[in-house]
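For reference, coords_19.txt is printed below; it contains compact mmCIF, C-alpha atoms.
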# COMPACT_ATOMS: atom_id res chain seq x y z
CA LYS L 139 15.70 -7.05 -1.82
CA GLN L 140 12.52 -7.46 -3.84
CA GLU L 141 12.05 -4.90 -6.61
CA VAL L 142 8.68 -4.44 -8.22
CA THR L 143 8.26 -2.61 -11.52
CA GLN L 144 5.13 -1.68 -13.40
CA ILE L 145 4.85 -0.93 -17.08
CA PRO L 146 3.57 1.33 -18.49
CA ALA L 147 3.83 4.20 -16.01
CA ALA L 148 0.85 5.86 -17.64
CA LEU L 149 -1.80 4.67 -20.03
CA SER L 150 -4.64 6.46 -21.79
CA VAL L 151 -7.32 4.50 -23.63
CA PRO L 152 -10.74 5.21 -25.12
CA GLU L 153 -13.75 3.87 -23.29
CA GLY L 154 -14.65 0.29 -24.11
CA GLU L 155 -11.14 -0.93 -24.82
CA ASN L 156 -9.63 -3.95 -23.14
CA LEU L 157 -6.26 -3.28 -21.55
CA VAL L 158 -3.41 -5.01 -19.76
CA LEU L 159 -1.25 -3.66 -16.97
CA ASN L 160 2.06 -5.33 -16.25
CA CYS L 161 3.93 -5.98 -13.04
CA SER L 162 7.32 -7.63 -12.74
CA PHE L 163 9.26 -8.65 -9.66
CA THR L 164 12.82 -9.81 -9.09
CA ASP L 165 12.42 -12.43 -6.35
CA SER L 166 10.05 -15.32 -7.06
CA ALA L 167 9.91 -16.35 -3.39
CA ILE L 168 6.64 -14.58 -2.71
CA TYR L 169 3.73 -15.27 -0.40
CA ASN L 170 1.14 -13.55 -2.53
CA LEU L 171 0.61 -10.73 -4.99
CA GLN L 172 -2.07 -8.12 -4.74
CA TRP L 173 -3.44 -5.52 -7.11
CA PHE L 174 -4.72 -2.24 -5.71
CA ARG L 175 -6.47 0.77 -7.04
CA GLN L 176 -5.74 4.26 -5.73
CA ASP L 177 -7.81 7.30 -6.58
CA PRO L 178 -6.12 10.73 -6.36
CA GLY L 179 -5.49 11.72 -2.76
CA LYS L 180 -7.14 8.59 -1.45
CA GLY L 181 -6.08 5.33 0.14
CA LEU L 182 -5.84 1.92 -1.41
CA THR L 183 -8.64 -0.34 -2.55
CA SER L 184 -7.75 -3.99 -2.89
CA LEU L 185 -8.86 -5.44 -6.23
CA LEU L 186 -7.47 -8.94 -6.45
CA LEU L 187 -5.19 -11.12 -4.38
CA ILE L 188 -3.35 -14.10 -5.85
CA GLN L 189 -1.73 -16.59 -3.53
CA SER L 190 1.66 -17.94 -4.58
CA SER L 191 0.10 -21.32 -5.43
CA GLN L 192 -2.50 -19.77 -7.75
CA ARG L 193 -2.15 -18.65 -11.34
CA GLU L 194 -5.06 -16.26 -11.68
CA GLN L 195 -7.98 -14.57 -10.00
CA THR L 196 -11.05 -12.96 -11.51
CA SER L 197 -13.48 -10.38 -10.24
CA GLY L 198 -16.03 -8.93 -12.61
CA ARG L 199 -14.22 -7.23 -15.48
CA LEU L 200 -10.84 -7.76 -13.84
CA ASN L 201 -8.54 -10.72 -14.27
CA ALA L 202 -5.13 -11.00 -12.69
CA SER L 203 -2.54 -13.61 -13.57
CA LEU L 204 0.62 -14.70 -11.82
CA ASP L 205 3.69 -16.41 -13.26
CA LYS L 206 6.17 -16.78 -10.45
CA SER L 207 8.85 -18.45 -12.54
CA SER L 208 9.11 -15.46 -14.84
CA GLY L 209 8.43 -12.93 -12.10
CA ARG L 210 5.40 -11.44 -13.79
CA SER L 211 1.81 -10.57 -13.14
CA THR L 212 -0.76 -8.94 -15.38
CA LEU L 213 -4.01 -7.18 -14.63
CA TYR L 214 -6.51 -7.40 -17.46
CA ILE L 215 -9.38 -4.92 -17.52
CA ALA L 216 -12.17 -5.69 -19.94
CA ALA L 217 -14.45 -3.10 -21.51
CA SER L 218 -12.82 -0.18 -19.73
CA GLN L 219 -14.98 2.62 -18.32
CA PRO L 220 -14.17 6.22 -17.31
CA GLY L 221 -14.70 5.17 -13.70
CA ASP L 222 -11.72 2.86 -14.04
CA SER L 223 -9.44 5.89 -14.24
CA ALA L 224 -7.06 5.65 -11.29
CA THR L 225 -3.56 4.53 -10.39
CA TYR L 226 -3.11 0.79 -10.20
CA LEU L 227 -0.49 -0.66 -7.91
CA CYS L 228 0.74 -4.20 -7.60
CA ALA L 229 2.29 -5.35 -4.37
CA ILE L 230 4.24 -8.41 -3.34
CA THR L 231 4.08 -9.95 0.10
CA SER L 232 7.39 -11.51 1.01
CA ASN L 233 7.63 -15.18 1.93
CA THR L 234 7.88 -14.29 5.58
CA GLY L 235 4.60 -12.41 5.24
CA ASN L 236 6.14 -9.49 7.00
CA GLN L 237 6.91 -7.13 4.17
CA PHE L 238 4.98 -5.59 1.36
CA TYR L 239 6.77 -4.32 -1.72
CA PHE L 240 4.84 -1.94 -3.92
CA GLY L 241 5.29 -1.43 -7.60
CA THR L 242 5.80 1.92 -9.21
CA GLY L 243 2.19 2.16 -10.32
CA THR L 244 0.38 2.66 -13.60
CA SER L 245 -1.78 5.74 -13.99
CA LEU L 246 -4.78 4.83 -16.14
CA THR L 247 -7.04 7.32 -17.88
CA VAL L 248 -10.11 6.06 -19.70
CA ILE L 249 -11.42 8.66 -22.10
CA PRO L 250 -15.20 8.84 -22.55
CA GLY E 272 -13.72 -7.42 4.91
CA ALA E 273 -11.65 -6.06 7.76
CA VAL E 274 -11.53 -2.30 8.26
CA VAL E 275 -8.59 -0.10 9.15
CA SER E 276 -9.13 3.52 10.08
CA GLN E 277 -6.73 6.43 10.27
CA HIS E 278 -7.09 9.68 12.14
CA PRO E 279 -6.83 12.43 11.18
CA SER E 280 -7.46 12.17 7.45
CA ARG E 281 -5.85 15.52 6.86
CA VAL E 282 -3.64 17.72 9.02
CA ILE E 283 -1.89 21.03 8.47
CA CYS E 284 0.72 22.12 10.96
CA LYS E 285 3.47 24.66 11.41
CA SER E 286 7.09 23.78 10.97
CA GLY E 287 8.66 22.56 14.21
CA THR E 288 5.52 21.08 15.70
CA SER E 289 4.80 17.39 16.24
CA VAL E 290 1.91 15.52 14.69
CA LYS E 291 0.42 12.22 15.77
CA ILE E 292 -1.39 9.91 13.36
CA GLU E 293 -3.47 7.00 14.62
CA CYS E 294 -4.08 3.72 12.87
CA ARG E 295 -6.77 1.39 14.18
CA SER E 296 -7.93 -2.05 13.16
CA LEU E 297 -11.65 -1.88 13.84
CA ASP E 298 -12.79 -5.48 13.80
CA PHE E 299 -9.70 -7.60 14.15
CA GLN E 300 -6.51 -7.79 16.16
CA ALA E 301 -3.34 -6.89 14.38
CA THR E 302 -0.07 -8.04 15.86
CA THR E 303 1.74 -6.28 13.05
CA MET E 304 1.06 -2.90 11.51
CA PHE E 305 2.99 -1.13 8.79
CA TRP E 306 3.54 2.54 8.03
CA TYR E 307 4.08 3.84 4.52
CA ARG E 308 4.59 7.25 3.01
CA GLN E 309 3.79 8.31 -0.49
CA PHE E 310 5.10 11.37 -2.29
CA PRO E 311 3.09 12.87 -5.16
CA LYS E 312 2.96 10.62 -8.19
CA GLN E 313 5.15 8.03 -6.54
CA SER E 314 4.47 4.63 -5.12
CA LEU E 315 4.19 3.75 -1.45
CA MET E 316 7.41 3.31 0.45
CA LEU E 317 7.54 1.23 3.60
CA MET E 318 8.79 3.28 6.52
CA ALA E 319 8.57 0.86 9.41
CA THR E 320 7.04 -2.34 10.71
CA SER E 321 5.31 -2.09 14.05
CA ASN E 322 4.85 -5.12 16.28
CA GLU E 323 2.57 -4.98 19.29
CA GLY E 324 4.51 -4.69 22.50
CA SER E 325 7.93 -4.31 20.93
CA LYS E 326 10.02 -1.69 19.18
CA ALA E 327 9.31 -0.89 15.58
CA THR E 328 11.66 -1.95 12.81
CA TYR E 329 12.59 0.94 10.57
CA GLU E 330 13.57 0.74 6.93
CA GLN E 331 16.94 2.03 5.86
CA GLY E 332 17.00 5.80 5.63
CA VAL E 333 14.03 6.38 7.93
CA GLU E 334 14.94 8.30 11.09
CA LYS E 335 13.51 6.51 14.08
CA ASP E 336 13.89 9.56 16.31
CA LYS E 337 11.89 11.65 13.89
CA PHE E 338 9.15 9.15 13.16
CA LEU E 339 8.13 7.69 16.50
CA ILE E 340 5.99 4.58 16.32
CA ASN E 341 4.04 3.11 19.20
CA HIS E 342 2.02 -0.09 18.97
CA ALA E 343 0.61 -0.30 22.47
CA SER E 344 -2.36 -2.53 21.74
CA LEU E 345 -3.49 -5.10 19.20
CA THR E 346 -5.77 -2.58 17.53
CA LEU E 347 -3.84 0.68 17.66
CA SER E 348 -0.55 1.95 16.29
CA THR E 349 0.50 5.60 16.27
CA LEU E 350 3.03 7.46 14.16
CA THR E 351 4.33 10.74 15.55
CA VAL E 352 6.21 13.03 13.22
CA THR E 353 8.40 15.06 15.55
CA SER E 354 9.60 18.56 14.76
CA ALA E 355 7.92 18.42 11.38
CA HIS E 356 9.41 20.27 8.43
CA PRO E 357 7.95 21.04 4.99
CA GLU E 358 9.84 18.11 3.47
CA ASP E 359 7.84 15.80 5.75
CA SER E 360 4.68 16.80 3.90
CA SER E 361 3.38 13.61 2.39
CA PHE E 362 0.59 11.06 2.35
CA TYR E 363 0.98 8.56 5.19
CA ILE E 364 -0.80 5.21 4.96
CA CYS E 365 -0.90 2.45 7.54
CA SER E 366 -1.81 -1.17 7.11
CA ALA E 367 -2.70 -3.88 9.59
CA ARG E 368 -1.93 -7.53 9.20
CA GLU E 369 -4.64 -10.04 9.96
CA ALA E 370 -3.05 -13.43 10.43
CA LEU E 371 -6.25 -15.52 10.32
CA PRO E 372 -8.21 -16.81 8.53
CA ARG E 373 -5.88 -15.80 5.71
CA ASP E 374 -2.74 -13.77 6.16
CA THR E 375 -3.77 -10.45 4.63
CA GLN E 376 -2.93 -6.80 5.01
CA TYR E 377 -5.68 -4.21 5.14
CA PHE E 378 -4.90 -0.60 4.39
CA GLY E 379 -6.12 2.55 6.03
CA PRO E 380 -7.46 5.47 4.00
CA GLY E 381 -4.34 7.55 4.55
CA THR E 382 -3.46 10.84 6.23
CA ARG E 383 -2.44 13.90 4.24
CA LEU E 384 0.16 15.87 6.20
CA THR E 385 1.03 19.39 5.12
CA VAL E 386 3.76 21.21 7.01
CA LEU E 387 3.85 24.96 6.45
Rewritten as structure tokens:
Amino acid sequence: KQEVTQIPAALSVPEGENLVLNCSFTDSAIYNLQWFRQDPGKGLTSLLLIQSSQREQTSGRLNASLDKSSGRSTLYIAASQPGDSATYLCAITSNTGNQFYFGTGTSLTVIP
Amino acid sequence: GAVVSQHPSRVICKSGTSVKIECRSLDFQATTMFWYRQFPKQSLMLMATSNEGSKATYEQGVEKDKFLINHASLTLSTLTVTSAHPEDSSFYICSAREALPRDTQYFGPGTRLTVL
């Protein structure tokens, strides 16, 4: 069974800093990997989706990378802002496309 | 992008009652929908996979008689929490799978269930 782990569990940075969130997974047979943002008490907002054949995706200040062979993905946030404060989740779609495995999440606080 | 709605967004009920949560794909047909629950400060855990016109597949440890799932149409799946107890209080999120043009899951906004 796929296991998805995120490190760190919590992160606090001053505004303006660049930061990296890590996601690791145990089974490299994935269909895609997705990064989500979740605000307290709210649903999920999809940030970036990387197909298994891709190595990275970029959207604005966000850049996500994927290394299937090592079972790792990173989410890079440039010039962090207080509005970036949220929980970030990575999720793996299995090769069959039928199951989604969520990571444990990283709670980010950006201090003004 | 595709939109998935959930209703209600928040529900408070008494212990022993049943609660139904609806998940709708608004602008696409979803042959597969998924139900997740999330406890405070924890990640989402898949409860069951719902396929239109067939019985849902439940994850290990999830009671199928307690969490009834019906996927009667390509745009609607319902989760009924039967005889709810305080330990069922949680955040329930559904997702709908859109096969084309690119196999993607879209998530609903979630339903906060509080059982008194």
Which residue is closest to Ile188 (chain L)? Choose from L:Val158, L:Ser203, L:Phe174, L:Asn233 and count all atoms listed in the file.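 Ranking L:Val158, L:Ser203, L:Phe174, L:Asn233 by distance to Ile188 (chain L), first place goes to L:Ser203.
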With a distance threshold of 8 Å and counting only C-alpha atoms, extract the residues of chain E near chain L and express them as a list of chain:residue names. E:Gln313, E:Ser314, E:Leu315, E:Met316, E:Leu317, E:Phe362, E:Ile364, E:Asp374, E:Phe378, E:Gly379, E:Pro380, E:Gly381, E:Arg383
Please report the interatomic distance between CA of Gln300 (chain E) and CA of Ser344 (chain E) in Å with one decimal.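 So the two atoms, CA of Gln300 (chain E) and CA of Ser344 (chain E), lie 8.7 Å apart.
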Could you pull the residues within 12 Å of Ala327 (chain E), counting only C-alpha atoms, minus those fewer than 6 positions along the same chain, as a VMD selection string? chain E and resid 302 to 306 318 to 321 333 to 336 338 to 343 348 to 350
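Atom pair CA of Ala148 (chain L) / CA of Asp222 (chain L) has a distance of 13.4 Å (rounded to one decimal).
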So how far away is CA of Glu323 (chain E) from CA of Phe299 (chain E), in Å? 13.6 Å
Point (-1.3, 10.5, 6.8), cut-off 8 Å, counting all atoms listed in the file, residues as a list in words: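 Checked against the point, the hits come out as Gln277, His278, Pro279, Ser280, Arg281, Val282, Ile292, Arg308, Ser361, Phe362, Tyr363, Ile364, Gly381, Thr382, Arg383 and Leu384 of chain E.
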Which residue out of E:Ala301, E:Cys284, E:Ala355, E:Val274 has the minimum interatomic distance to Leu371 (chain E) when only C-alpha atoms are used?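 Closest candidate: E:Ala301.
Distance annotation: of L:Ser218, L:Thr234, L:Ile249, L:Asp205, the residue with the minimal separation from Ala370 (chain E) is L:Thr234; atom set is all atoms listed in the file.
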For Lys206 (chain L), which of L:Ser166, L:Ala224, L:Ile230, L:Gln189 is the closest residue, counting all atoms listed in the file?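 The answer is L:Ser166, which sits nearest to Lys206 (chain L).
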Name the residues within 12 Å of (8.8, 19.1, -0.3), counting all atoms listed in the file in the file's coordinates, and put them as a list of chain:residue names.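 Protein and nucleic acid residues near the point are E:Gln309, E:Phe310, E:Pro311, E:Ala355, E:His356, E:Pro357, E:Glu358, E:Asp359, E:Ser360, E:Ser361, E:Phe362, E:Leu384, E:Thr385, E:Val386, E:Leu387.
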Those same residues - C-alpha atoms - I'd like them written as a PDB file, in the frame of the given file.
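File part.pdb, as written:
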ATOM      1  CA  GLN E 309       3.790   8.310  -0.490  1.00  0.00           C
ATOM      2  CA  PHE E 310       5.100  11.370  -2.290  1.00  0.00           C
ATOM      3  CA  PRO E 311       3.090  12.870  -5.160  1.00  0.00           C
ATOM      4  CA  ALA E 355       7.920  18.420  11.380  1.00  0.00           C
ATOM      5  CA  HIS E 356       9.410  20.270   8.430  1.00  0.00           C
ATOM      6  CA  PRO E 357       7.950  21.040   4.990  1.00  0.00           C
ATOM      7  CA  GLU E 358       9.840  18.110   3.470  1.00  0.00           C
ATOM      8  CA  ASP E 359       7.840  15.800   5.750  1.00  0.00           C
ATOM      9  CA  SER E 360       4.680  16.800   3.900  1.00  0.00           C
ATOM     10  CA  SER E 361       3.380  13.610   2.390  1.00  0.00           C
ATOM     11  CA  PHE E 362       0.590  11.060   2.350  1.00  0.00           C
ATOM     12  CA  LEU E 384       0.160  15.870   6.200  1.00  0.00           C
ATOM     13  CA  THR E 385       1.030  19.390   5.120  1.00  0.00           C
ATOM     14  CA  VAL E 386       3.760  21.210   7.010  1.00  0.00           C
ATOM     15  CA  LEU E 387       3.850  24.960   6.450  1.00  0.00           C
TER      16      LEU E 387
END
Would you mind listing what lies within 9 Å of Ile215 (chain L) as a ChimeraX atom specification, with all atoms listed in the file counted and same-chain residues fewer than 5 positions away left out? /L:155-159,199-202,222
Only C-alpha atoms, please: the residues just picked out, written as a PDB file, keeping the file's coordinate frame.
ATOM      1  CA  GLU L 155     -11.140  -0.930 -24.820  1.00  0.00           C
ATOM      2  CA  ASN L 156      -9.630  -3.950 -23.140  1.00  0.00           C
ATOM      3  CA  LEU L 157      -6.260  -3.280 -21.550  1.00  0.00           C
ATOM      4  CA  VAL L 158      -3.410  -5.010 -19.760  1.00  0.00           C
ATOM      5  CA  LEU L 159      -1.250  -3.660 -16.970  1.00  0.00           C
ATOM      6  CA  ARG L 199     -14.220  -7.230 -15.480  1.00  0.00           C
ATOM      7  CA  LEU L 200     -10.840  -7.760 -13.840  1.00  0.00           C
ATOM      8  CA  ASN L 201      -8.540 -10.720 -14.270  1.00  0.00           C
ATOM      9  CA  ALA L 202      -5.130 -11.000 -12.690  1.00  0.00           C
ATOM     10  CA  ASP L 222     -11.720   2.860 -14.040  1.00  0.00           C
TER      11      ASP L 222
END
From the block you just saw, export region 324-352 of chain E: C-alpha atoms, as a PDB file, in the first residue's frame.
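Resulting contents of selection-v9.pdb:
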ATOM      1  CA  GLY E 324     -24.633   1.983 -10.536  1.00  0.00           C
ATOM      2  CA  SER E 325     -22.700  -0.421  -8.355  1.00  0.00           C
ATOM      3  CA  LYS E 326     -21.879  -0.987  -4.712  1.00  0.00           C
ATOM      4  CA  ALA E 327     -19.252   1.148  -3.079  1.00  0.00           C
ATOM      5  CA  THR E 328     -15.859  -0.251  -2.144  1.00  0.00           C
ATOM      6  CA  TYR E 329     -14.983   0.469   1.455  1.00  0.00           C
ATOM      7  CA  GLU E 330     -11.518   0.838   2.898  1.00  0.00           C
ATOM      8  CA  GLN E 331     -10.425  -1.459   5.671  1.00  0.00           C
ATOM      9  CA  GLY E 332     -11.874  -0.444   9.004  1.00  0.00           C
ATOM     10  CA  VAL E 333     -14.780   1.546   7.581  1.00  0.00           C
ATOM     11  CA  GLU E 334     -18.180   0.115   8.501  1.00  0.00           C
ATOM     12  CA  LYS E 335     -20.309  -0.140   5.396  1.00  0.00           C
ATOM     13  CA  ASP E 336     -23.511  -0.473   7.405  1.00  0.00           C
ATOM     14  CA  LYS E 337     -22.761   2.723   9.245  1.00  0.00           C
ATOM     15  CA  PHE E 338     -21.619   4.792   6.292  1.00  0.00           C
ATOM     16  CA  LEU E 339     -24.095   4.128   3.512  1.00  0.00           C
ATOM     17  CA  ILE E 340     -23.032   5.300   0.080  1.00  0.00           C
ATOM     18  CA  ASN E 341     -25.311   5.631  -2.906  1.00  0.00           C
ATOM     19  CA  HIS E 342     -24.136   6.687  -6.361  1.00  0.00           C
ATOM     20  CA  ALA E 343     -27.394   6.644  -8.268  1.00  0.00           C
ATOM     21  CA  SER E 344     -26.422   8.982 -11.083  1.00  0.00           C
ATOM     22  CA  LEU E 345     -23.318  10.230 -12.859  1.00  0.00           C
ATOM     23  CA  THR E 346     -23.475  13.528 -11.010  1.00  0.00           C
ATOM     24  CA  LEU E 347     -24.608  12.605  -7.509  1.00  0.00           C
ATOM     25  CA  SER E 348     -23.265  10.483  -4.688  1.00  0.00           C
ATOM     26  CA  THR E 349     -24.623  10.509  -1.150  1.00  0.00           C
ATOM     27  CA  LEU E 350     -23.063   9.479   2.137  1.00  0.00           C
ATOM     28  CA  THR E 351     -25.441   8.677   4.981  1.00  0.00           C
ATOM     29  CA  VAL E 352     -24.016   8.421   8.463  1.00  0.00           C
TER      30      VAL E 352
END
